[in-house]
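Chemist: So here's target_33.tsv, just TSV, C-alpha atoms:
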```tsv
chain	number	residue	atom	x	y	z
A	1	MET	CA	12.95	19.59	-24.07
A	2	LEU	CA	11.30	22.50	-22.21
A	3	ILE	CA	7.95	21.72	-23.86
A	4	LYS	CA	8.24	18.10	-22.69
A	5	LEU	CA	9.01	19.19	-19.13
A	6	LEU	CA	5.98	21.50	-19.09
A	7	SER	CA	3.66	19.01	-20.79
A	8	LEU	CA	0.74	17.71	-18.72
A	9	LYS	CA	-0.17	14.88	-21.07
A	10	MET	CA	0.11	11.23	-20.16
A	11	PRO	CA	2.52	9.24	-22.35
A	12	LYS	CA	1.10	7.94	-25.59
A	13	ASN	CA	-0.01	4.28	-25.34
A	14	SER	CA	-0.49	4.40	-21.55
A	15	SER	CA	-3.56	2.77	-19.98
A	16	LYS	CA	-6.70	4.91	-20.08
A	17	LEU	CA	-8.55	2.41	-17.86
A	18	ILE	CA	-6.00	2.83	-15.07
A	19	TYR	CA	-5.98	6.61	-15.57
A	20	TRP	CA	-9.74	7.11	-15.28
A	21	THR	CA	-10.14	4.57	-12.47
A	22	LEU	CA	-7.55	6.42	-10.39
A	23	ILE	CA	-9.30	9.74	-10.99
A	24	ALA	CA	-12.75	8.30	-10.19
A	25	LEU	CA	-11.59	6.72	-6.91
A	26	SER	CA	-9.67	9.85	-5.88
A	27	ILE	CA	-12.62	12.19	-6.50
A	28	PHE	CA	-14.90	9.77	-4.65
A	29	GLY	CA	-12.38	9.67	-1.79
A	30	THR	CA	-12.20	13.48	-1.64
A	31	VAL	CA	-15.99	13.71	-1.36
A	32	MET	CA	-16.15	11.02	1.35
A	33	VAL	CA	-13.27	12.48	3.40
A	34	THR	CA	-15.02	15.86	3.36
A	35	SER	CA	-18.26	14.22	4.48
A	36	ALA	CA	-16.56	12.09	7.16
A	37	SER	CA	-14.77	15.16	8.56
A	38	MET	CA	-18.04	16.93	9.35
A	39	SER	CA	-19.06	16.92	13.00
A	40	THR	CA	-20.88	19.07	15.52
A	41	PHE	CA	-17.58	20.90	16.05
A	42	THR	CA	-16.83	21.82	12.41
A	43	THR	CA	-17.95	25.09	10.86
A	44	THR	CA	-18.73	25.66	7.19
A	45	ASN	CA	-15.34	27.34	6.70
A	46	GLU	CA	-13.56	24.35	8.26
A	47	VAL	CA	-15.40	21.93	5.95
A	48	ILE	CA	-14.41	24.04	2.93
A	49	ALA	CA	-10.81	24.05	4.20
A	50	ILE	CA	-10.84	20.24	4.53
A	51	TRP	CA	-12.20	19.90	0.99
A	52	GLY	CA	-9.60	22.37	-0.30
A	53	LYS	CA	-6.78	20.47	1.41
A	54	GLN	CA	-7.93	17.19	-0.14
A	55	MET	CA	-8.13	18.83	-3.57
A	56	VAL	CA	-4.57	20.13	-3.17
A	57	PHE	CA	-3.42	16.58	-2.28
A	58	PHE	CA	-5.20	15.27	-5.38
A	59	ILE	CA	-3.82	17.92	-7.76
A	60	VAL	CA	-0.23	17.56	-6.50
A	61	SER	CA	-0.47	13.75	-6.70
A	62	PHE	CA	-2.02	13.89	-10.18
A	63	LEU	CA	0.74	16.18	-11.47
A	64	ALA	CA	3.38	13.93	-9.88
A	65	MET	CA	1.89	10.91	-11.69
A	66	ILE	CA	2.06	12.72	-15.04
A	67	LYS	CA	5.69	13.80	-14.62
A	68	VAL	CA	6.79	10.39	-13.33
A	69	SER	CA	5.00	8.64	-16.21
A	70	GLN	CA	6.85	10.90	-18.66
A	71	LEU	CA	10.34	10.90	-17.13
A	72	PHE	CA	10.81	7.70	-15.10
A	73	SER	CA	13.69	5.43	-16.08
A	74	PHE	CA	14.89	2.32	-14.25
A	75	ASN	CA	18.40	2.96	-15.59
A	76	PHE	CA	18.50	6.49	-14.15
A	77	VAL	CA	17.07	5.35	-10.80
A	78	LYS	CA	19.75	2.64	-10.66
A	79	LYS	CA	22.41	5.37	-10.77
A	80	ILE	CA	20.88	7.26	-7.83
A	81	GLU	CA	19.76	4.15	-5.91
A	82	PRO	CA	22.32	4.49	-3.05
A	83	PHE	CA	21.20	8.10	-2.49
A	84	LEU	CA	17.53	7.04	-2.64
A	85	ILE	CA	18.09	4.30	-0.04
A	86	VAL	CA	20.05	6.59	2.32
A	87	LEU	CA	17.42	9.33	1.94
A	88	THR	CA	14.63	6.86	2.76
A	89	ILE	CA	16.41	5.46	5.82
A	90	GLY	CA	17.21	8.99	7.03
A	91	SER	CA	13.60	10.14	6.63
A	92	LEU	CA	12.34	7.05	8.49
A	93	LEU	CA	14.74	7.68	11.38
A	94	ILE	CA	14.08	11.42	11.71
A	95	THR	CA	10.39	10.82	12.50
A	96	ARG	CA	11.41	10.10	16.10
A	97	PHE	CA	11.90	13.83	16.58
A	98	PHE	CA	8.29	14.61	15.59
A	99	HIS	CA	6.26	12.59	18.08
A	100	THR	CA	2.53	13.33	17.74
A	101	GLY	CA	1.45	11.76	21.04
A	102	ALA	CA	0.28	8.46	19.54
A	103	SER	CA	2.13	5.16	20.01
A	104	ALA	CA	3.76	5.36	16.56
A	105	TYR	CA	6.41	7.76	15.26
A	106	ASN	CA	5.28	8.01	11.64
A	107	TRP	CA	5.42	11.66	10.68
A	108	ILE	CA	7.72	14.54	9.80
A	109	ASN	CA	5.98	17.80	10.67
A	110	PHE	CA	6.75	20.83	8.50
A	111	GLY	CA	4.24	23.05	10.29
A	112	PHE	CA	1.61	23.56	7.61
A	113	PHE	CA	1.81	19.97	6.35
A	114	THR	CA	3.18	16.58	7.40
A	115	ILE	CA	4.85	13.73	5.52
A	116	GLN	CA	4.72	10.02	6.34
A	117	PRO	CA	8.02	8.57	5.01
A	118	SER	CA	6.90	4.94	5.41
A	119	GLU	CA	4.38	5.45	2.57
A	120	PHE	CA	7.18	6.42	0.19
A	121	ALA	CA	9.41	3.64	1.54
A	122	LYS	CA	6.89	1.15	0.10
A	123	VAL	CA	7.43	2.63	-3.36
A	124	VAL	CA	11.21	2.60	-2.90
A	125	ILE	CA	11.05	-1.10	-1.97
A	126	MET	CA	9.19	-1.84	-5.21
A	127	ILE	CA	11.72	0.14	-7.26
A	128	VAL	CA	14.79	-1.37	-5.55
A	129	ILE	CA	13.63	-5.00	-5.84
A	130	ALA	CA	12.41	-4.56	-9.43
A	131	ASN	CA	15.64	-2.83	-10.47
A	132	ASN	CA	17.94	-5.43	-8.89
A	133	PHE	CA	16.07	-8.74	-9.10
A	134	GLY	CA	14.42	-7.97	-12.43
A	135	ASN	CA	17.76	-7.16	-14.02
A	136	LEU	CA	20.08	-9.92	-12.82
A	137	PRO	CA	22.89	-10.74	-15.29
A	138	LYS	CA	22.34	-13.67	-17.63
A	139	VAL	CA	24.45	-16.78	-17.05
A	140	PRO	CA	25.28	-18.40	-20.43
A	141	TRP	CA	26.64	-21.63	-18.95
A	142	VAL	CA	23.45	-22.33	-16.96
A	143	THR	CA	20.77	-24.39	-18.74
A	144	LYS	CA	17.58	-26.04	-17.49
A	145	LYS	CA	19.56	-29.25	-16.87
A	146	THR	CA	22.39	-27.54	-14.98
A	147	LYS	CA	22.44	-28.52	-11.32
A	148	ILE	CA	23.18	-25.66	-8.95
A	149	SER	CA	23.77	-26.31	-5.25
A	150	THR	CA	21.80	-24.39	-2.64
A	151	LYS	CA	25.05	-22.95	-1.27
A	152	GLU	CA	26.11	-21.75	-4.72
A	153	SER	CA	22.66	-20.22	-5.34
A	154	PHE	CA	22.75	-18.20	-2.11
A	155	LYS	CA	26.36	-17.20	-2.70
A	156	ARG	CA	25.63	-15.89	-6.20
A	157	ILE	CA	22.43	-14.07	-5.21
A	158	LEU	CA	24.04	-12.42	-2.19
A	159	SER	CA	27.00	-11.31	-4.29
A	160	LEU	CA	24.60	-9.65	-6.73
A	161	GLY	CA	21.82	-8.41	-4.46
A	162	TRP	CA	22.96	-8.12	-0.83
A	163	ALA	CA	22.66	-4.30	-0.77
A	164	PRO	CA	19.01	-4.11	-1.92
A	165	LEU	CA	18.04	-7.00	0.35
A	166	LEU	CA	19.71	-5.35	3.34
A	167	SER	CA	18.04	-2.00	2.59
A	168	VAL	CA	14.58	-3.61	2.37
A	169	ILE	CA	15.14	-5.45	5.67
A	170	LEU	CA	16.32	-2.19	7.27
A	171	PHE	CA	13.21	-0.35	6.07
A	172	ILE	CA	10.95	-2.98	7.62
A	173	LEU	CA	12.88	-3.16	10.92
A	174	ILE	CA	12.93	0.64	11.31
A	175	VAL	CA	9.21	0.97	10.57
A	176	PHE	CA	8.21	-1.85	12.95
A	177	PHE	CA	10.60	-1.45	15.90
A	178	TYR	CA	11.68	2.20	15.69
A	179	GLN	CA	8.46	3.82	14.46
A	180	GLY	CA	6.08	1.29	16.02
A	181	ASP	CA	4.03	1.11	12.81
A	182	LEU	CA	2.83	-2.49	12.46
A	183	GLY	CA	0.54	-1.77	9.50
A	184	SER	CA	3.21	-0.28	7.22
A	185	ALA	CA	5.68	-3.02	8.19
A	186	VAL	CA	3.13	-5.71	7.23
A	187	VAL	CA	2.56	-4.08	3.82
A	188	MET	CA	6.32	-3.87	3.20
A	189	VAL	CA	6.83	-7.53	4.11
A	190	PHE	CA	4.11	-8.67	1.71
A	191	ILE	CA	5.40	-6.48	-1.14
A	192	ALA	CA	8.97	-7.76	-0.70
A	193	LEU	CA	7.90	-11.41	-0.36
A	194	PHE	CA	5.69	-11.50	-3.45
A	195	MET	CA	8.22	-9.66	-5.60
A	196	LEU	CA	11.12	-11.89	-4.51
A	197	LEU	CA	9.04	-15.04	-5.05
A	198	CYS	CA	8.06	-13.89	-8.57
A	199	ALA	CA	11.58	-12.90	-9.70
A	200	GLU	CA	13.10	-15.15	-12.38
A	201	HIS	CA	16.72	-16.29	-12.57
A	202	PRO	CA	18.51	-19.68	-12.52
A	203	PHE	CA	20.14	-18.91	-9.16
A	204	LEU	CA	16.85	-17.89	-7.54
A	205	GLY	CA	15.13	-21.29	-7.76
A	206	LYS	CA	16.34	-22.90	-4.53
A	207	PRO	CA	16.39	-19.72	-2.40
A	208	GLN	CA	12.82	-19.05	-3.55
A	209	LYS	CA	11.72	-22.54	-2.48
A	210	ILE	CA	13.24	-21.97	0.97
A	211	LEU	CA	11.64	-18.51	1.16
A	212	LEU	CA	8.28	-19.99	0.13
A	213	GLY	CA	8.58	-22.66	2.83
A	214	ILE	CA	9.38	-20.04	5.49
A	215	THR	CA	6.47	-17.91	4.24
A	216	LEU	CA	4.02	-20.83	4.46
A	217	LEU	CA	5.20	-21.71	7.97
A	218	GLY	CA	4.84	-18.06	8.97
A	219	ALA	CA	1.35	-17.93	7.45
A	220	ILE	CA	0.29	-21.04	9.39
A	221	LEU	CA	1.65	-19.52	12.62
A	222	VAL	CA	-0.18	-16.20	12.02
A	223	LEU	CA	-3.43	-18.01	11.17
A	224	PHE	CA	-3.14	-19.98	14.41
A	225	ILE	CA	-2.46	-16.81	16.44
A	226	ILE	CA	-5.52	-15.00	15.03
A	227	SER	CA	-7.73	-18.11	15.25
A	228	PRO	CA	-10.29	-18.41	18.10
A	229	TYR	CA	-8.03	-20.91	19.92
A	230	GLY	CA	-4.93	-18.74	19.52
A	231	ALA	CA	-6.82	-15.63	20.64
A	232	LYS	CA	-8.04	-17.50	23.73
A	233	LEU	CA	-4.49	-18.51	24.63
A	234	LEU	CA	-3.31	-14.91	24.22
A	235	ASP	CA	-6.24	-13.57	26.24
A	236	ASN	CA	-5.31	-15.83	29.15
A	237	SER	CA	-1.57	-15.14	28.92
A	238	SER	CA	0.63	-12.50	30.55
A	239	LEU	CA	0.57	-10.61	27.22
A	240	SER	CA	-3.17	-9.95	27.38
A	241	ASN	CA	-2.66	-6.23	28.15
A	242	ASN	CA	-0.31	-5.64	25.20
A	243	TYR	CA	-2.06	-3.39	22.67
A	244	MET	CA	-1.09	-5.60	19.68
A	245	VAL	CA	-2.43	-8.67	21.47
A	246	GLN	CA	-5.63	-6.80	22.34
A	247	ARG	CA	-6.15	-6.02	18.66
A	248	ILE	CA	-6.10	-9.76	17.95
A	249	THR	CA	-8.29	-10.85	20.87
A	250	SER	CA	-10.80	-8.01	20.45
A	251	ILE	CA	-12.23	-9.44	17.22
A	252	TYR	CA	-13.54	-12.40	19.26
A	253	TYR	CA	-14.58	-10.39	22.31
A	254	LEU	CA	-15.98	-7.27	20.65
A	255	PHE	CA	-18.91	-6.80	23.00
A	256	ARG	CA	-17.18	-7.38	26.30
A	257	PRO	CA	-18.06	-4.36	28.49
A	258	GLU	CA	-14.38	-3.63	29.16
A	259	ASN	CA	-13.54	-3.87	25.43
A	260	MET	CA	-16.38	-1.80	23.98
A	261	ASN	CA	-14.87	1.46	25.21
A	262	ASP	CA	-11.28	0.39	24.65
A	263	SER	CA	-9.70	-2.14	22.27
A	264	SER	CA	-12.86	-2.95	20.26
A	265	LEU	CA	-14.40	0.54	20.28
A	266	GLN	CA	-13.60	1.32	16.63
A	267	GLN	CA	-14.74	-2.05	15.30
A	268	VAL	CA	-18.01	-1.96	17.25
A	269	LYS	CA	-18.77	1.56	16.01
A	270	GLY	CA	-17.81	0.48	12.49
A	271	LEU	CA	-20.28	-2.40	12.62
A	272	PHE	CA	-22.96	0.02	13.83
A	273	SER	CA	-22.23	2.13	10.73
A	274	PHE	CA	-22.68	-0.91	8.49
A	275	ALA	CA	-25.97	-1.73	10.22
A	276	TYR	CA	-27.27	1.84	9.88
A	277	GLY	CA	-26.27	2.00	6.21
A	278	GLY	CA	-27.80	-1.27	5.08
A	279	MET	CA	-28.35	-1.66	1.35
A	280	ASN	CA	-28.92	1.94	0.24
A	281	GLY	CA	-27.36	4.02	3.04
A	282	VAL	CA	-28.73	6.99	4.96
A	283	GLY	CA	-27.61	9.49	2.32
A	284	LEU	CA	-24.43	11.45	1.63
A	285	GLY	CA	-23.55	13.63	4.62
A	286	ASN	CA	-26.13	11.99	6.91
A	287	SER	CA	-23.86	9.64	8.90
A	288	ILE	CA	-24.49	9.50	12.64
A	289	GLN	CA	-21.26	7.75	13.67
A	290	LYS	CA	-18.98	10.50	12.36
A	291	TYR	CA	-20.35	12.94	14.95
A	292	GLY	CA	-17.79	12.01	17.59
A	293	TYR	CA	-18.76	8.34	17.93
A	294	LEU	CA	-16.31	6.75	15.48
A	295	PRO	CA	-12.59	7.54	15.96
A	296	ALA	CA	-10.49	8.02	12.80
A	297	ALA	CA	-13.60	8.37	10.62
A	298	PRO	CA	-11.84	10.20	7.73
A	299	THR	CA	-8.74	7.98	7.82
A	300	ASP	CA	-8.61	4.28	8.77
A	301	TYR	CA	-12.39	4.00	9.17
A	302	ILE	CA	-13.53	5.89	6.07
A	303	LEU	CA	-15.13	2.67	4.73
A	304	ALA	CA	-17.57	2.58	7.67
A	305	ILE	CA	-18.78	6.09	6.77
A	306	VAL	CA	-19.00	5.18	3.06
A	307	VAL	CA	-21.25	2.19	3.82
A	308	GLU	CA	-23.33	4.11	6.37
A	309	GLU	CA	-24.02	6.96	3.93
A	310	LEU	CA	-24.09	5.16	0.57
A	311	GLY	CA	-24.86	1.59	1.60
A	312	ILE	CA	-23.53	-1.47	-0.17
A	313	TRP	CA	-23.34	0.53	-3.42
A	314	GLY	CA	-20.55	2.70	-2.05
A	315	PHE	CA	-18.60	-0.40	-1.04
A	316	LEU	CA	-19.17	-1.98	-4.48
A	317	PHE	CA	-17.94	1.19	-6.20
A	318	ILE	CA	-14.66	1.07	-4.26
A	319	THR	CA	-14.27	-2.68	-4.75
A	320	THR	CA	-14.91	-2.40	-8.50
A	321	GLY	CA	-12.24	0.30	-8.75
A	322	TYR	CA	-9.72	-1.86	-6.89
A	323	VAL	CA	-10.56	-4.91	-9.02
A	324	LEU	CA	-10.01	-2.88	-12.21
A	325	LEU	CA	-6.67	-1.53	-10.99
A	326	ILE	CA	-5.32	-4.82	-9.60
A	327	GLY	CA	-6.64	-6.78	-12.61
A	328	SER	CA	-4.97	-4.33	-15.01
A	329	LEU	CA	-1.67	-4.57	-13.12
A	330	LEU	CA	-1.67	-8.38	-13.22
A	331	MET	CA	-2.67	-8.42	-16.90
A	332	TYR	CA	0.18	-6.09	-17.85
A	333	ALA	CA	2.57	-8.00	-15.56
A	334	MET	CA	1.97	-11.10	-17.70
A	335	ARG	CA	2.26	-9.09	-20.91
A	336	VAL	CA	5.23	-6.72	-20.59
A	337	THR	CA	8.59	-7.93	-21.89
A	338	SER	CA	10.66	-6.05	-19.29
A	339	ASN	CA	11.46	-8.20	-16.24
A	340	ARG	CA	11.87	-5.06	-14.15
A	341	GLY	CA	8.50	-3.78	-15.32
A	342	ARG	CA	6.85	-7.13	-14.62
A	343	LEU	CA	8.22	-7.29	-11.09
A	344	PHE	CA	7.20	-3.70	-10.36
A	345	MET	CA	3.63	-4.42	-11.55
A	346	ILE	CA	3.47	-7.42	-9.20
A	347	GLY	CA	4.69	-5.23	-6.34
A	348	ALA	CA	2.11	-2.54	-7.15
A	349	ALA	CA	-0.71	-5.11	-7.31
A	350	THR	CA	0.39	-6.53	-3.93
A	351	TYR	CA	0.57	-3.00	-2.49
A	352	LEU	CA	-3.04	-2.25	-3.47
A	353	PHE	CA	-4.43	-5.65	-2.51
A	354	ILE	CA	-2.87	-5.75	0.97
A	355	HIS	CA	-4.12	-2.25	1.77
A	356	TYR	CA	-7.62	-3.17	0.59
A	357	ALA	CA	-7.74	-6.58	2.32
A	358	PHE	CA	-6.41	-5.42	5.70
A	359	ASN	CA	-8.46	-2.22	5.80
A	360	VAL	CA	-11.74	-3.89	4.81
A	361	GLY	CA	-10.97	-6.88	7.06
A	362	GLY	CA	-10.15	-4.63	10.03
A	363	VAL	CA	-13.16	-2.33	9.64
A	364	SER	CA	-15.53	-5.30	9.32
A	365	ALA	CA	-13.92	-7.06	12.35
A	366	ILE	CA	-12.84	-10.05	10.25
A	367	LEU	CA	-9.15	-9.26	10.83
A	368	PRO	CA	-7.33	-7.47	13.66
A	369	LEU	CA	-6.88	-3.71	13.26
A	370	THR	CA	-3.53	-2.73	11.73
A	371	GLY	CA	-3.99	0.98	11.00
A	372	ILE	CA	-3.62	0.39	7.25
A	373	PRO	CA	-5.57	3.05	5.29
A	374	LEU	CA	-7.83	2.44	2.29
A	375	LEU	CA	-5.68	3.86	-0.51
A	376	LEU	CA	-7.22	6.65	-2.63
A	377	ILE	CA	-10.21	6.84	-0.26
A	378	SER	CA	-8.78	7.52	3.23
A	379	GLN	CA	-7.55	10.98	4.18
A	380	GLY	CA	-3.81	11.40	3.80
A	381	GLY	CA	-1.62	13.27	1.35
A	382	SER	CA	1.42	10.99	1.72
A	383	SER	CA	-0.44	7.79	0.86
A	384	GLN	CA	-2.22	9.44	-2.08
A	385	LEU	CA	1.02	10.86	-3.47
A	386	ALA	CA	2.76	7.48	-3.05
A	387	VAL	CA	-0.04	5.70	-4.94
A	388	PHE	CA	0.03	8.20	-7.81
A	389	ILE	CA	3.84	7.97	-8.07
A	390	THR	CA	3.48	4.18	-8.19
A	391	PHE	CA	0.97	4.41	-11.02
A	392	GLY	CA	3.11	7.01	-12.78
A	393	ILE	CA	5.84	4.35	-12.96
A	394	VAL	CA	3.25	1.76	-14.03
A	395	GLN	CA	2.01	4.01	-16.86
A	396	ASN	CA	5.59	4.62	-17.97
A	397	ILE	CA	6.24	0.86	-18.16
A	398	ILE	CA	2.99	0.26	-20.07
A	399	ALA	CA	3.63	3.09	-22.53
A	400	ARG	CA	7.19	1.92	-23.24
A	401	ASP	CA	6.08	-1.68	-23.74
A	402	ASN	CA	3.19	-0.73	-26.04
A	403	HIS	CA	5.48	1.57	-28.04
A	404	THR	CA	7.98	-1.28	-28.52
A	405	ARG	CA	5.22	-3.66	-29.63
A	406	LEU	CA	3.79	-1.18	-32.14
A	407	LYS	CA	7.25	-0.48	-33.52
A	408	LYS	CA	7.89	-4.20	-34.07
A	409	GLN	CA	4.51	-4.58	-35.78
A	410	GLU	CA	5.33	-1.68	-38.13
A	411	GLU	CA	8.67	-3.28	-38.99
A	412	LEU	CA	6.92	-6.54	-39.91
A	413	LEU	CA	4.45	-4.77	-42.23
```
Take the structure in the file and write it out as structure tokens.

Modeler:
Amino acid sequence: MLIKLLSLKMPKNSSKLIYWTLIALSIFGTVMVTSASMSTFTTTNEVIAIWGKQMVFFIVSFLAMIKVSQLFSFNFVKKIEPFLIVLTIGSLLITRFFHTGASAYNWINFGFFTIQPSEFAKVVIMIVIANNFGNLPKVPWVTKKTKISTKESFKRILSLGWAPLLSVILFILIVFFYQGDLGSAVVMVFIALFMLLCAEHPFLGKPQKILLGITLLGAILVLFIISPYGAKLLDNSSLSNNYMVQRITSIYYLFRPENMNDSSLQQVKGLFSFAYGGMNGVGLGNSIQKYGYLPAAPTDYILAIVVEELGIWGFLFITTGYVLLIGSLLMYAMRVTSNRGRLFMIGAATYLFIHYAFNVGGVSAILPLTGIPLLLISQGGSSQLAVFITFGIVQNIIARDNHTRLKKQEELL
């Protein structure tokens, strides 16, 4: 038992493609964060310290992935789920006492390091939904021809899953209204929606159709709001000075004189970085925009520095890594026999895709800015640790499923 606890090996039959892709993206991200953190104000010792800090984040996250991949169990987590939910809610609420001066209350400051609880709340949402809606009790008397009323469907589902649903809704409400973190709330909503829509159970059919209808109506409304016509209406309304509204309208009025030094500053500077980088980039470490021109260069806007220094090839490297990870998750989601494992894979794929789509869309001024980081590339220990924990669970699911398949094949031979 002690040897197993001290072991630093990934489980047998886990995915090597996922393993090496994670390492490649993380090392690339560490290099780019170090480069993006350089400015006229940083000394050599400060640059080394930044690199060292990123390496510590990577090593801690890597070790966490290994231990989670070895020890994770949905059954065990189910036993401690109430404690996990209360701990998550408590950590989200306590951030209010650690205001950093920005508009959001995202962090818990421990002095020599900080933690962003909302990043871990995303993982908890995936675990809670997978554990509860991927493990609903079978109903022997229900067949494909059995007619179930909408009222009965909602009644049964609420009786089985009201606690996890309420906890997920609470997470999202706290993050959006209490912390003021739109980006994390958006990611949580997408994760929860896709997982709930992909869950399978006779009683879920009608509630899922209603949820899908609400989702489509919401999507149409959002698309209208961020359309040129919607942005024009907002720009001429009494809400035009609201910072969230300005993030929407700024993508259509980037080069207004009053916007260029305010709401559209980051996106304009990001586009300048893309223009400077071109096809082949200006070379690693040679970015101009990171020298005080581009705010949040190592975090939300790391992609702009990547493209400026490494050109389109840097962007393609990141995109290829994301495609491999998301593709692997979806492939295994269709393959694994565990409903809980399948749902978790779908949640993890959604988690990665939404972060990628909103970060790339925001940096390139295609979408409004949301403050969503580019996972594995942007600076941030909490997001990196959350991603590695997520993939530790993924590797555990894959290893267990492959072990079961091999065992069945051996029995047949």

Chemist: Give me, please, the distance in Å between CA of Val363 (chain A) and CA of Phe171 (chain A), quoted to one decimal.

Modeler: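 Going from CA of Val363 (chain A) over to CA of Phe171 (chain A), I get 26.7 Å.
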
Chemist: Measure the distance from CA of Val124 (chain A) to CA of Arg405 (chain A) in Å and round it to one decimal.

Modeler: 28.1 Å

Chemist: Nearest to Asn135 (chain A): which of A:Met260, A:Val31, A:Leu343, A:Leu166 is it, counting all atoms listed in the file?

Modeler: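 Closest residue, counting all atoms listed in the file: A:Leu343.
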
Chemist: To one decimal place in Å, what is the distance between CA of Ala399 (chain A) and CA of Phe344 (chain A)?

Modeler: 14.4 Å

Chemist: In terms of the shortest atom-to-atom distance over only C-alpha atoms, which of A:Ser69, A:Gln116, A:Ser378, A:Thr337 is closest to Thr404 (chain A)?

Modeler: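 The answer is A:Thr337, which sits nearest to Thr404 (chain A).
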
Chemist: Near His355 (chain A), counting only C-alpha atoms, which residues have an atom at most 7 Å away, once you skip same-chain residues fewer than 6 positions from it, shown as a PDB file with C-alpha atoms, in the coordinates of the input?

Modeler:
```pdb
ATOM      1  CA  ILE A 372      -3.620   0.390   7.250  1.00  0.00           C
ATOM      2  CA  PRO A 373      -5.570   3.050   5.290  1.00  0.00           C
ATOM      3  CA  LEU A 374      -7.830   2.440   2.290  1.00  0.00           C
ATOM      4  CA  LEU A 375      -5.680   3.860  -0.510  1.00  0.00           C
TER       5      LEU A 375
END
```

Chemist: For Asp181 (chain A), please output as a PyMOL selection string all residues within 8 Å (counting only C-alpha atoms; exclusion window: fewer than 5 positions along the same chain).

Modeler: chain A and resi 104-106+175-176

Chemist: If we count all atoms listed in the file and set the cut-off at 12 Å, which residues sit around Thr319 (chain A), ignoring sequence neighbours fewer than 4 positions away in its own chain? Please answer as a PDB file with C-alpha atoms, in the coordinates of the input.

Modeler:
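Full text of around19.pdb as output:
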```
ATOM      1  CA  THR A  21     -10.140   4.570 -12.470  1.00  0.00           C
ATOM      2  CA  LEU A  25     -11.590   6.720  -6.910  1.00  0.00           C
ATOM      3  CA  LEU A 303     -15.130   2.670   4.730  1.00  0.00           C
ATOM      4  CA  ILE A 312     -23.530  -1.470  -0.170  1.00  0.00           C
ATOM      5  CA  TRP A 313     -23.340   0.530  -3.420  1.00  0.00           C
ATOM      6  CA  GLY A 314     -20.550   2.700  -2.050  1.00  0.00           C
ATOM      7  CA  PHE A 315     -18.600  -0.400  -1.040  1.00  0.00           C
ATOM      8  CA  VAL A 323     -10.560  -4.910  -9.020  1.00  0.00           C
ATOM      9  CA  LEU A 324     -10.010  -2.880 -12.210  1.00  0.00           C
ATOM     10  CA  LEU A 325      -6.670  -1.530 -10.990  1.00  0.00           C
ATOM     11  CA  ILE A 326      -5.320  -4.820  -9.600  1.00  0.00           C
ATOM     12  CA  GLY A 327      -6.640  -6.780 -12.610  1.00  0.00           C
ATOM     13  CA  LEU A 352      -3.040  -2.250  -3.470  1.00  0.00           C
ATOM     14  CA  PHE A 353      -4.430  -5.650  -2.510  1.00  0.00           C
ATOM     15  CA  TYR A 356      -7.620  -3.170   0.590  1.00  0.00           C
ATOM     16  CA  ALA A 357      -7.740  -6.580   2.320  1.00  0.00           C
ATOM     17  CA  VAL A 360     -11.740  -3.890   4.810  1.00  0.00           C
ATOM     18  CA  LEU A 374      -7.830   2.440   2.290  1.00  0.00           C
ATOM     19  CA  LEU A 375      -5.680   3.860  -0.510  1.00  0.00           C
ATOM     20  CA  LEU A 376      -7.220   6.650  -2.630  1.00  0.00           C
ATOM     21  CA  ILE A 377     -10.210   6.840  -0.260  1.00  0.00           C
TER      22      ILE A 377
END
```

Chemist: In terms of the shortest atom-to-atom distance over all atoms listed in the file, which of A:Phe391, A:Leu412, A:Gly52, A:Gly381 is closest to Ser14 (chain A)?

Modeler: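 Among A:Phe391, A:Leu412, A:Gly52, A:Gly381, it is A:Phe391 that comes nearest to Ser14 (chain A).
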
Chemist: Can you work out which one of A:Asn45, A:Ser73, A:Thr299, A:Asn259 has the shortest atom-to-atom distance to Ile397 (chain A), counting all atoms listed in the file?

Modeler: A:Ser73

Chemist: I need the residue nearest Met10 (chain A) from this list: A:Met65, A:Val307, A:Met188, A:Ile172. Use all atoms listed in the file for the distance.

Modeler: A:Met65

Chemist: Please determine the residues with any atom at most 9 Å from (6.1, 11.7, 4.9) (coordinates as given in the file, with all atoms listed in the file counting) and report them as a PDB file with C-alpha atoms, in the frame of the given file.

Modeler:
```pdb
ATOM      1  CA  SER A  91      13.600  10.140   6.630  1.00  0.00           C
ATOM      2  CA  LEU A  92      12.340   7.050   8.490  1.00  0.00           C
ATOM      3  CA  THR A  95      10.390  10.820  12.500  1.00  0.00           C
ATOM      4  CA  ASN A 106       5.280   8.010  11.640  1.00  0.00           C
ATOM      5  CA  TRP A 107       5.420  11.660  10.680  1.00  0.00           C
ATOM      6  CA  ILE A 108       7.720  14.540   9.800  1.00  0.00           C
ATOM      7  CA  ASN A 109       5.980  17.800  10.670  1.00  0.00           C
ATOM      8  CA  THR A 114       3.180  16.580   7.400  1.00  0.00           C
ATOM      9  CA  ILE A 115       4.850  13.730   5.520  1.00  0.00           C
ATOM     10  CA  GLN A 116       4.720  10.020   6.340  1.00  0.00           C
ATOM     11  CA  PRO A 117       8.020   8.570   5.010  1.00  0.00           C
ATOM     12  CA  SER A 118       6.900   4.940   5.410  1.00  0.00           C
ATOM     13  CA  GLU A 119       4.380   5.450   2.570  1.00  0.00           C
ATOM     14  CA  PHE A 120       7.180   6.420   0.190  1.00  0.00           C
ATOM     15  CA  GLY A 381      -1.620  13.270   1.350  1.00  0.00           C
ATOM     16  CA  SER A 382       1.420  10.990   1.720  1.00  0.00           C
ATOM     17  CA  SER A 383      -0.440   7.790   0.860  1.00  0.00           C
TER      18      SER A 383
END
```
